[in-house]
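See below for data04.cif, which holds mmCIF, C-alpha atoms.
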data_my_file
loop_
_atom_site.label_atom_id
_atom_site.label_comp_id
_atom_site.auth_asym_id
_atom_site.auth_seq_id
_atom_site.Cartn_x
_atom_site.Cartn_y
_atom_site.Cartn_z
CA MET A 1 -77.93 -55.34 -44.92
CA ASN A 2 -80.94 -57.28 -43.68
CA GLU A 3 -83.24 -56.30 -40.82
CA SER A 4 -81.71 -58.55 -38.14
CA THR A 5 -78.17 -57.33 -38.84
CA LYS A 6 -79.36 -53.75 -38.65
CA ARG A 7 -81.01 -54.41 -35.28
CA ARG A 8 -77.83 -56.04 -33.93
CA TRP A 9 -75.82 -52.96 -34.92
CA ASP A 10 -78.38 -50.69 -33.24
CA VAL A 11 -78.04 -52.69 -30.01
CA ARG A 12 -74.24 -52.62 -30.17
CA LEU A 13 -74.18 -48.88 -30.79
CA GLY A 14 -76.70 -48.37 -27.96
CA ILE A 15 -74.30 -50.11 -25.57
CA ALA A 16 -71.07 -48.57 -26.92
CA THR A 17 -72.23 -44.94 -27.04
CA PRO A 18 -72.64 -44.40 -23.24
CA ILE A 19 -69.38 -46.27 -22.60
CA ILE A 20 -67.52 -44.02 -25.03
CA THR A 21 -69.20 -40.97 -23.50
CA VAL A 22 -68.19 -42.01 -19.96
CA LEU A 23 -64.62 -42.75 -21.11
CA GLY A 24 -64.49 -39.34 -22.81
CA ILE A 25 -65.65 -37.66 -19.59
CA ILE A 26 -63.05 -39.59 -17.51
CA VAL A 27 -60.22 -38.67 -19.92
CA GLY A 28 -61.38 -35.04 -19.90
CA VAL A 29 -61.41 -34.90 -16.09
CA TRP A 30 -57.98 -36.57 -15.93
CA GLN A 31 -56.58 -34.11 -18.46
CA PHE A 32 -58.03 -31.18 -16.54
CA ASN A 33 -56.61 -32.45 -13.21
CA SER A 34 -53.24 -33.17 -14.78
CA GLY A 35 -53.14 -29.67 -16.33
CA GLU A 36 -54.05 -28.07 -13.01
CA ARG A 37 -51.39 -30.13 -11.22
CA ASN A 38 -48.74 -29.07 -13.77
CA LYS A 39 -49.83 -25.46 -13.47
CA VAL A 40 -49.44 -25.57 -9.68
CA GLU A 41 -46.02 -27.22 -10.02
CA VAL A 42 -44.85 -24.57 -12.50
CA GLU A 43 -46.15 -21.79 -10.24
CA ASN A 44 -44.43 -23.33 -7.19
CA SER A 45 -41.17 -23.69 -9.09
CA LEU A 46 -41.41 -20.07 -10.26
CA VAL A 47 -42.07 -18.84 -6.73
CA GLU A 48 -39.12 -20.92 -5.47
CA ARG A 49 -36.86 -19.56 -8.23
CA ARG A 50 -37.91 -15.99 -7.47
CA ALA A 51 -37.24 -16.53 -3.75
CA THR A 52 -33.76 -17.96 -4.53
CA MET A 53 -32.95 -15.09 -6.88
CA GLU A 54 -34.19 -12.55 -4.36
CA PHE A 55 -31.97 -14.14 -1.70
CA GLU A 56 -28.97 -14.17 -4.06
CA ARG A 57 -29.61 -10.56 -4.96
CA LYS A 58 -29.77 -9.54 -1.30
CA LEU A 59 -26.57 -11.50 -0.65
CA TRP A 60 -24.86 -9.73 -3.57
CA LEU A 61 -25.92 -6.33 -2.23
CA GLU A 62 -24.67 -7.38 1.23
CA ARG A 63 -21.38 -8.42 -0.37
CA LEU A 64 -21.08 -5.10 -2.17
CA GLU A 65 -21.73 -3.21 1.06
CA ALA A 66 -19.28 -5.40 3.02
CA TYR A 67 -16.54 -4.95 0.38
CA ARG A 68 -17.14 -1.19 0.40
CA ASN A 69 -16.71 -1.17 4.19
CA VAL A 70 -13.55 -3.25 3.92
CA ALA A 71 -12.20 -0.80 1.34
CA LYS A 72 -12.84 2.11 3.72
CA THR A 73 -11.32 0.29 6.70
CA THR A 74 -8.30 -0.80 4.67
CA GLY A 75 -7.75 2.75 3.43
CA ARG A 76 -7.97 4.16 6.95
CA LEU A 77 -5.58 1.51 8.24
CA VAL A 78 -2.95 2.18 5.57
CA ALA A 79 -3.31 5.94 6.00
CA SER A 80 -2.77 5.61 9.74
CA ALA A 81 0.52 3.70 9.39
CA GLY A 82 2.99 5.10 11.87
CA ARG A 83 0.27 6.90 13.82
CA PRO A 84 -1.33 5.96 17.17
CA GLU A 85 -4.74 5.16 15.62
CA PHE A 86 -3.18 2.32 13.59
CA ASP A 87 -3.97 -0.25 16.30
CA GLU A 88 -7.56 0.95 16.61
CA ASN A 89 -8.04 0.72 12.84
CA LEU A 90 -6.50 -2.76 12.90
CA GLN A 91 -9.16 -3.78 15.44
CA THR A 92 -11.90 -2.41 13.16
CA PHE A 93 -10.47 -4.40 10.27
CA LEU A 94 -10.35 -7.50 12.49
CA SER A 95 -14.06 -7.09 13.31
CA ALA A 96 -14.88 -7.17 9.60
CA TYR A 97 -12.40 -10.01 9.10
CA TRP A 98 -14.19 -12.32 11.55
CA GLY A 99 -17.65 -10.79 11.02
CA THR A 100 -19.67 -9.82 7.97
CA MET A 101 -16.93 -10.84 5.54
CA ILE A 102 -17.15 -14.51 6.46
CA PHE A 103 -20.83 -14.38 5.49
CA VAL A 104 -20.28 -12.87 2.04
CA GLU A 105 -16.69 -13.33 0.84
CA ASP A 106 -15.47 -15.87 -1.70
CA PRO A 107 -12.23 -17.88 -1.17
CA GLU A 108 -10.02 -15.46 -3.16
CA VAL A 109 -11.19 -12.49 -1.10
CA ALA A 110 -10.79 -14.49 2.12
CA ALA A 111 -7.17 -15.26 1.19
CA ALA A 112 -6.51 -11.61 0.31
CA MET A 113 -8.08 -10.48 3.61
CA LYS A 114 -5.84 -12.87 5.50
CA ALA A 115 -2.74 -11.74 3.60
CA PHE A 116 -3.51 -8.07 4.29
CA TYR A 117 -4.19 -8.68 7.98
CA GLU A 118 -0.90 -10.54 8.30
CA GLU A 119 0.87 -7.73 6.45
CA ALA A 120 -0.55 -5.26 8.97
CA LEU A 121 0.79 -7.43 11.80
CA ASP A 122 4.14 -7.61 9.99
CA TYR A 123 4.17 -3.83 9.74
CA ARG A 124 3.68 -3.64 13.49
CA THR A 125 6.38 -6.21 14.27
CA GLY A 126 8.91 -4.88 11.76
CA PHE A 127 8.74 -7.75 9.24
CA GLY A 128 7.14 -5.49 6.65
CA GLY A 129 7.13 -1.82 5.74
CA GLU A 130 4.61 0.77 4.66
CA GLN A 131 5.24 0.00 1.01
CA TYR A 132 4.37 -3.68 1.60
CA LEU A 133 1.20 -2.61 3.39
CA LYS A 134 0.12 -0.37 0.52
CA ILE A 135 0.75 -3.03 -2.12
CA ARG A 136 -1.10 -5.65 -0.08
CA ALA A 137 -4.02 -3.22 0.40
CA ALA A 138 -4.17 -2.61 -3.35
CA LYS A 139 -4.18 -6.37 -3.95
CA LEU A 140 -7.03 -6.86 -1.47
CA LEU A 141 -9.19 -4.18 -3.07
CA GLU A 142 -8.42 -5.45 -6.57
CA THR A 143 -9.52 -8.91 -5.45
CA CYS A 144 -12.75 -7.49 -4.00
CA ARG A 145 -13.46 -5.58 -7.23
CA SER A 146 -12.73 -8.63 -9.33
CA SER A 147 -15.06 -10.74 -7.16
CA ILE A 148 -17.88 -8.23 -7.64
CA GLU A 149 -17.27 -7.97 -11.38
CA HIS A 150 -17.08 -11.71 -11.99
CA ARG A 151 -20.15 -12.54 -9.93
CA PRO A 152 -22.77 -10.01 -11.03
CA PRO A 153 -26.12 -9.81 -9.25
CA PRO A 154 -28.91 -12.09 -10.54
CA SER A 155 -31.40 -10.25 -12.74
CA ASN A 156 -34.43 -8.79 -11.00
CA PRO A 157 -37.06 -11.57 -10.61
CA ALA A 158 -39.84 -9.05 -11.22
CA THR A 159 -38.64 -8.63 -14.81
CA ASP A 160 -38.59 -12.38 -15.52
CA MET B 161 26.71 -29.77 34.15
CA ARG B 162 27.71 -26.61 32.42
CA THR B 163 25.96 -25.31 29.39
CA ARG B 164 27.46 -23.52 26.49
CA PHE B 165 25.49 -21.12 24.35
CA ARG B 166 26.46 -21.17 20.72
CA HIS B 167 24.78 -17.95 20.05
CA ALA B 168 27.36 -15.46 18.94
CA TRP B 169 25.08 -13.30 16.88
CA LEU B 170 25.86 -9.71 16.09
CA GLY B 171 29.52 -10.20 16.98
CA ALA B 172 31.27 -7.50 15.04
CA ALA B 173 28.64 -7.09 12.40
CA GLY B 174 27.95 -3.37 12.64
CA PRO B 175 28.80 -2.51 9.03
CA LEU B 176 26.95 -5.56 7.75
CA LEU B 177 23.83 -4.51 9.61
CA LEU B 178 23.94 -1.10 7.98
CA ILE B 179 24.06 -2.73 4.53
CA ALA B 180 21.32 -5.18 5.48
CA SER B 181 19.17 -2.42 6.87
CA SER B 182 19.28 -0.45 3.64
CA ALA B 183 18.45 -3.60 1.67
CA VAL B 184 15.44 -4.44 3.80
CA ALA B 185 14.03 -0.93 3.51
CA GLU B 186 13.36 -1.69 -0.17
CA LEU B 187 11.09 -4.45 -1.40
CA LEU B 188 12.67 -7.85 -1.04
CA THR B 189 13.80 -9.51 -4.24
CA THR B 190 15.41 -12.89 -4.80
CA GLU B 191 18.79 -11.14 -5.13
CA SER B 192 18.52 -9.07 -1.96
CA ALA B 193 17.05 -12.01 -0.05
CA ALA B 194 19.96 -14.25 -1.15
CA ARG B 195 22.42 -11.55 -0.09
CA LEU B 196 20.83 -11.31 3.34
CA LEU B 197 20.60 -15.07 3.72
CA THR B 198 24.19 -15.90 2.88
CA GLY B 199 26.24 -12.72 3.37
CA ASP B 200 29.59 -12.94 1.55
CA ALA B 201 29.80 -16.74 1.66
CA SER B 202 27.50 -18.28 4.23
CA ARG B 203 25.47 -17.29 7.26
CA ILE B 204 24.17 -19.16 10.25
CA TRP B 205 20.57 -18.51 11.23
CA VAL B 206 19.56 -19.74 14.66
CA HIS B 207 16.06 -21.08 15.04
CA GLU B 208 16.56 -22.36 18.56
CA LYS B 209 19.79 -21.68 20.30
CA THR B 210 21.94 -24.77 20.55
CA VAL B 211 22.72 -25.88 24.06
CA GLN B 212 25.55 -28.40 24.30
CA THR B 213 26.64 -30.38 27.29
CA MET B 214 30.29 -30.49 28.35
CA GLY B 215 32.79 -32.89 26.86
CA ALA B 216 33.64 -34.30 23.50
CA GLY B 217 31.16 -35.63 20.98
CA ASN B 218 27.87 -34.38 19.67
CA SER B 219 25.73 -34.54 22.77
CA CYS B 220 23.32 -31.67 23.20
CA VAL B 221 20.25 -30.54 25.07
CA SER B 222 18.37 -28.58 22.42
CA GLY B 223 18.82 -26.40 19.38
CA ARG B 224 18.36 -25.97 15.65
CA GLN B 225 20.23 -23.78 13.22
CA TYR B 226 20.33 -23.28 9.48
CA GLU B 227 23.43 -22.35 7.55
CA PHE B 228 22.72 -20.91 4.11
CA ARG B 229 25.64 -21.05 1.68
CA GLN B 230 26.11 -19.10 -1.50
CA ASN B 231 26.51 -22.34 -3.44
CA ARG B 232 22.80 -23.00 -2.72
CA LEU B 233 23.47 -25.61 -0.07
CA LEU B 234 21.72 -25.47 3.27
CA ASP B 235 23.13 -27.22 6.34
CA ILE B 236 20.60 -27.87 9.05
CA THR B 237 21.98 -28.75 12.46
CA GLU B 238 19.42 -30.05 14.92
CA CYS B 239 19.56 -31.53 18.37
CA ILE B 240 17.58 -34.75 18.08
CA GLY B 241 17.43 -37.27 20.91
CA GLY B 242 20.29 -35.59 22.79
CA GLU B 243 22.61 -35.66 19.80
CA LEU B 244 23.49 -33.04 17.21
CA ARG B 245 22.58 -34.16 13.72
CA ARG B 246 23.51 -32.41 10.51
CA SER B 247 21.72 -32.72 7.21
CA GLN B 248 22.42 -31.07 3.90
CA HIS B 249 19.75 -29.67 1.59
CA GLN B 250 19.43 -27.46 -1.46
CA TRP B 251 17.75 -24.08 -1.44
CA SER B 252 16.49 -21.64 -4.02
CA LEU B 253 14.45 -18.45 -4.09
CA GLU B 254 11.44 -17.61 -6.24
CA GLN B 255 9.66 -14.30 -6.67
CA GLU B 256 5.98 -15.14 -6.21
CA SER B 257 4.72 -11.58 -6.50
CA GLU B 258 5.94 -8.03 -6.17
CA ILE B 259 6.16 -8.45 -2.40
CA ASP B 260 6.33 -12.21 -1.89
CA THR B 261 9.61 -14.07 -2.12
CA ALA B 262 9.57 -17.81 -1.53
CA LEU B 263 12.35 -19.99 -0.20
CA VAL B 264 12.18 -23.48 -1.67
CA VAL B 265 14.05 -26.23 0.17
CA ASP B 266 14.88 -29.41 -1.76
CA GLY B 267 12.44 -28.32 -4.46
CA ALA B 268 9.53 -29.27 -2.22
CA LYS B 269 9.15 -27.29 0.98
CA ARG B 270 8.04 -23.75 0.30
CA TYR B 271 8.23 -20.83 2.72
CA LEU B 272 7.55 -17.13 2.30
CA ILE B 273 10.67 -15.34 3.42
CA ARG B 274 10.85 -12.02 5.26
CA PHE B 275 13.55 -10.19 7.18
CA LYS B 276 13.01 -7.82 10.04
CA ASP B 277 13.92 -4.14 9.62
CA ASP B 278 17.65 -4.45 10.25
CA GLY B 279 18.08 -7.82 8.51
CA THR B 280 19.11 -9.66 11.68
CA GLU B 281 15.88 -11.60 12.04
CA LEU B 282 14.49 -14.01 9.49
CA ARG B 283 11.04 -15.49 9.25
CA LEU B 284 10.04 -18.49 7.17
CA ARG B 285 6.29 -18.83 6.80
CA SER B 286 4.26 -21.80 5.61
CA VAL B 287 1.16 -20.17 4.19
CA GLN B 288 -2.36 -21.51 4.55
CA ASN B 289 -4.99 -19.62 2.58
CA ALA B 290 -8.03 -20.45 4.72
CA LYS B 291 -8.78 -18.03 7.53
CA THR B 292 -9.26 -20.81 10.02
CA SER B 293 -5.90 -22.46 9.20
CA PRO B 294 -3.07 -20.61 10.87
CA ASP B 295 0.17 -19.94 9.02
CA ILE B 296 3.20 -21.58 10.58
CA ASP B 297 6.16 -19.30 11.19
CA MET B 298 9.76 -20.25 11.95
CA LEU B 299 11.72 -17.36 13.42
CA PHE B 300 15.49 -17.15 13.18
CA ILE B 301 18.10 -14.73 14.42
CA LEU B 302 21.39 -14.11 12.71
CA GLY B 303 24.01 -16.32 14.33
CA GLY B 304 26.98 -15.06 12.37
CA ASP B 305 28.81 -15.27 9.06
#
Represent the supplied structure as structure tokens.
Amino acid sequence: MNESTKRRWDVRLGIATPIITVLGIIVGVWQFNSGERNKVEVENSLVERRATMEFERKLWLERLEAYRNVAKTTGRLVASAGRPEFDENLQTFLSAYWGTMIFVEDPEVAAAMKAFYEEALDYRTGFGGEQYLKIRAAKLLETCRSSIEHRPPPSNPATD
Amino acid sequence: MRTRFRHAWLGAAGPLLLIASSAVAELLTTESAARLLTGDASRIWVHEKTVQTMGAGNSCVSGRQYEFRQNRLLDITECIGGELRRSQHQWSLEQESEIDTALVVDGAKRYLIRFKDDGTELRLRSVQNAKTSPDIDMLFILGGD
């Protein structure tokens, strides 16, 4: 390599080096920003997922509590068949029927609630007997239990 | 105008009612439901009492009745447009669950069937599962054998 070629290469490298350095800095900054952005997105998504799971968990606990109340009300209603407090217990059942249950029940439980309520009305009007009422009550509570068993609560977000 | 009520239910049916009453006390099955529906041969169940005007012919004011026969035929007599019209259908019973017996008319229409305590009142129910959709009941009284 002669002297003039060597000088040309020195000039070229003198120009290229700062350009490469600047490009390296730009790529580094972009990578850092991109990483930070991804990190924020992942954190947001995790927070959102935890909030959803927490809501679903609360809803499941509400459902469990509502089903437990329905079980108690249903039991009281069946036990009061033929007694004066039957109508009062029917009103309590009706409150749950149009109240909390609508918020938490799934379609199978809703249908079983309706069938039991109608059976209670049938008992009152003479289109059904105590035996019908008991069987329908058992079906309602089996449906509630099955709903709870088949839709378990989401795992605790704190353990994720 | 004179009206005539074709509503001779519970004529001399004392003994039948006793039998029916004991049947209804137990859970309804397709056999006991068929027995209550048809009696020995056939039974007329009145949905709306039939009011006929005087004179010959089929003129009427209102009414609808079902006659269930043991041979699985169902005659429906209805007052439509001031005239009595009869139509024939087929019926069958299906046990849907321990306590639900369904009446199927012409293989298509499906009703849950129930009898009142003494077996003299019949209810056919079209079931809707949703809470906000009401079931539709047709109530009948025993018109006679």
Just to confirm, what's the straight-line distance from atom CA of B:Leu284 to atom CA of A:Gly75 in Å (one decimal)? 28.0 Å
Show which residues sit within 9 Å of A:Leu64, as a list in words. Count only C-alpha atoms, and ignore same-chain residues fewer than 4 positions away. Leu59, Trp60, Arg68, Asn69, Val104, Cys144 and Ile148 of chain A
If you keep C-alpha atoms, can you produce a file of those selected residues as a tab-separated table (two decimals), keeping the file's coordinate frame?
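The resulting part.tsv:
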chain	number	residue	atom	x	y	z
A	59	LEU	CA	-26.57	-11.50	-0.65
A	60	TRP	CA	-24.86	-9.73	-3.57
A	68	ARG	CA	-17.14	-1.19	0.40
A	69	ASN	CA	-16.71	-1.17	4.19
A	104	VAL	CA	-20.28	-12.87	2.04
A	144	CYS	CA	-12.75	-7.49	-4.00
A	148	ILE	CA	-17.88	-8.23	-7.64
Under the PyMOL selection byres ((chain B and resi 235-250) around 8), which residues of this model are included? Write them out as a ChimeraX atom specification. /B:210,218-228,232-234,251-252,265-267
In Å, how far is it from atom CA of B:Glu258 to atom CA of B:Val287?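 Atom CA of B:Val287 lies at a distance of 16.7 Å from atom CA of B:Glu258.
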Counting only C-alpha atoms, collect the residues of chain B whose closest atom lies at most 6 Å from chain A, and write them out as a PyMOL selection string. chain B and resi 275-277+289
First collect every listed atom of stretch 18-22 of chain A; then fit an axis-aligned box around them, widen it by 3 Å on each side, and give centre and edge lengths in Å to one decimal, as AutoDock Vina command-line options.
--center_x -70.1 --center_y -43.6 --center_z -22.5 --size_x 11.1 --size_y 11.3 --size_z 11.1
Need to verify the contact set: A:Ser95, 12 Å, all atoms listed in the file, exclusion of same-chain residues closer than 6 positions in sequence. Can you return it as a PyMOL selection string? chain A and resi 66+69-70+73+88-89+101-102+113+117
Can I get the selected residues back with C-alpha atoms, as a PDB file, keeping the file's coordinate frame?
ATOM      1  CA  ALA A  66     -19.280  -5.400   3.020  1.00  0.00           C
ATOM      2  CA  ASN A  69     -16.710  -1.170   4.190  1.00  0.00           C
ATOM      3  CA  VAL A  70     -13.550  -3.250   3.920  1.00  0.00           C
ATOM      4  CA  THR A  73     -11.320   0.290   6.700  1.00  0.00           C
ATOM      5  CA  GLU A  88      -7.560   0.950  16.610  1.00  0.00           C
ATOM      6  CA  ASN A  89      -8.040   0.720  12.840  1.00  0.00           C
ATOM      7  CA  MET A 101     -16.930 -10.840   5.540  1.00  0.00           C
ATOM      8  CA  ILE A 102     -17.150 -14.510   6.460  1.00  0.00           C
ATOM      9  CA  MET A 113      -8.080 -10.480   3.610  1.00  0.00           C
ATOM     10  CA  TYR A 117      -4.190  -8.680   7.980  1.00  0.00           C
TER      11      TYR A 117
END
Between A:Thr100, A:Gln91, A:Asn38, A:Asn44, which has the minimum distance to A:Glu65 (counting only C-alpha atoms)?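 With only C-alpha atoms as the atom set, the closest residue is A:Thr100.
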Rounded to one decimal place, report the atom CA of B:Lys209-atom CA of B:Asp278 distance in Å.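 Atom CA of B:Asp278 lies 20.1 Å from atom CA of B:Lys209.
Comparing B:Thr190, B:Thr280, B:Gln230, B:Ser202 by their smallest distance to B:Glu256, the closest is B:Thr190 (using only C-alpha atoms).
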Once the PyMOL selection byres ((chain A and resi 81) around 10) has been applied to the shown file, what residues remain in the selection, as a list in words?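 That selection, the PyMOL selection byres ((chain A and resi 81) around 10), comes back as Arg76, Leu77, Val78, Ala79, Ser80, Gly82, Arg83, Pro84, Glu85, Phe86, Asp87, Asn89, Ala120, Tyr123, Arg124, Gly129, Glu130, Leu133 and Lys134 of chain A.
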May I have the residues at most 9 Å from (12.1, -15.6, 10.9) in the file's coordinates, counting only C-alpha atoms, as JSON, numbers by chain? {"A": [127], "B": [205, 207, 273, 274, 275, 276, 281, 282, 283, 284, 285, 297, 298, 299, 300, 301]}
Within 8 Å of (27.8, -13.0, 7.0) (file coordinates; only C-alpha atoms), which protein or nucleic acid residues are there? I'd like them as a PyMOL selection string. chain B and resi 176+198-204+304-305
Using C-alpha atoms, can you export the residues from the last selection as a PDB file, in the coordinates of the input?
ATOM      1  CA  LEU B 176      26.950  -5.560   7.750  1.00  0.00           C
ATOM      2  CA  THR B 198      24.190 -15.900   2.880  1.00  0.00           C
ATOM      3  CA  GLY B 199      26.240 -12.720   3.370  1.00  0.00           C
ATOM      4  CA  ASP B 200      29.590 -12.940   1.550  1.00  0.00           C
ATOM      5  CA  ALA B 201      29.800 -16.740   1.660  1.00  0.00           C
ATOM      6  CA  SER B 202      27.500 -18.280   4.230  1.00  0.00           C
ATOM      7  CA  ARG B 203      25.470 -17.290   7.260  1.00  0.00           C
ATOM      8  CA  ILE B 204      24.170 -19.160  10.250  1.00  0.00           C
ATOM      9  CA  GLY B 304      26.980 -15.060  12.370  1.00  0.00           C
ATOM     10  CA  ASP B 305      28.810 -15.270   9.060  1.00  0.00           C
TER      11      ASP B 305
END
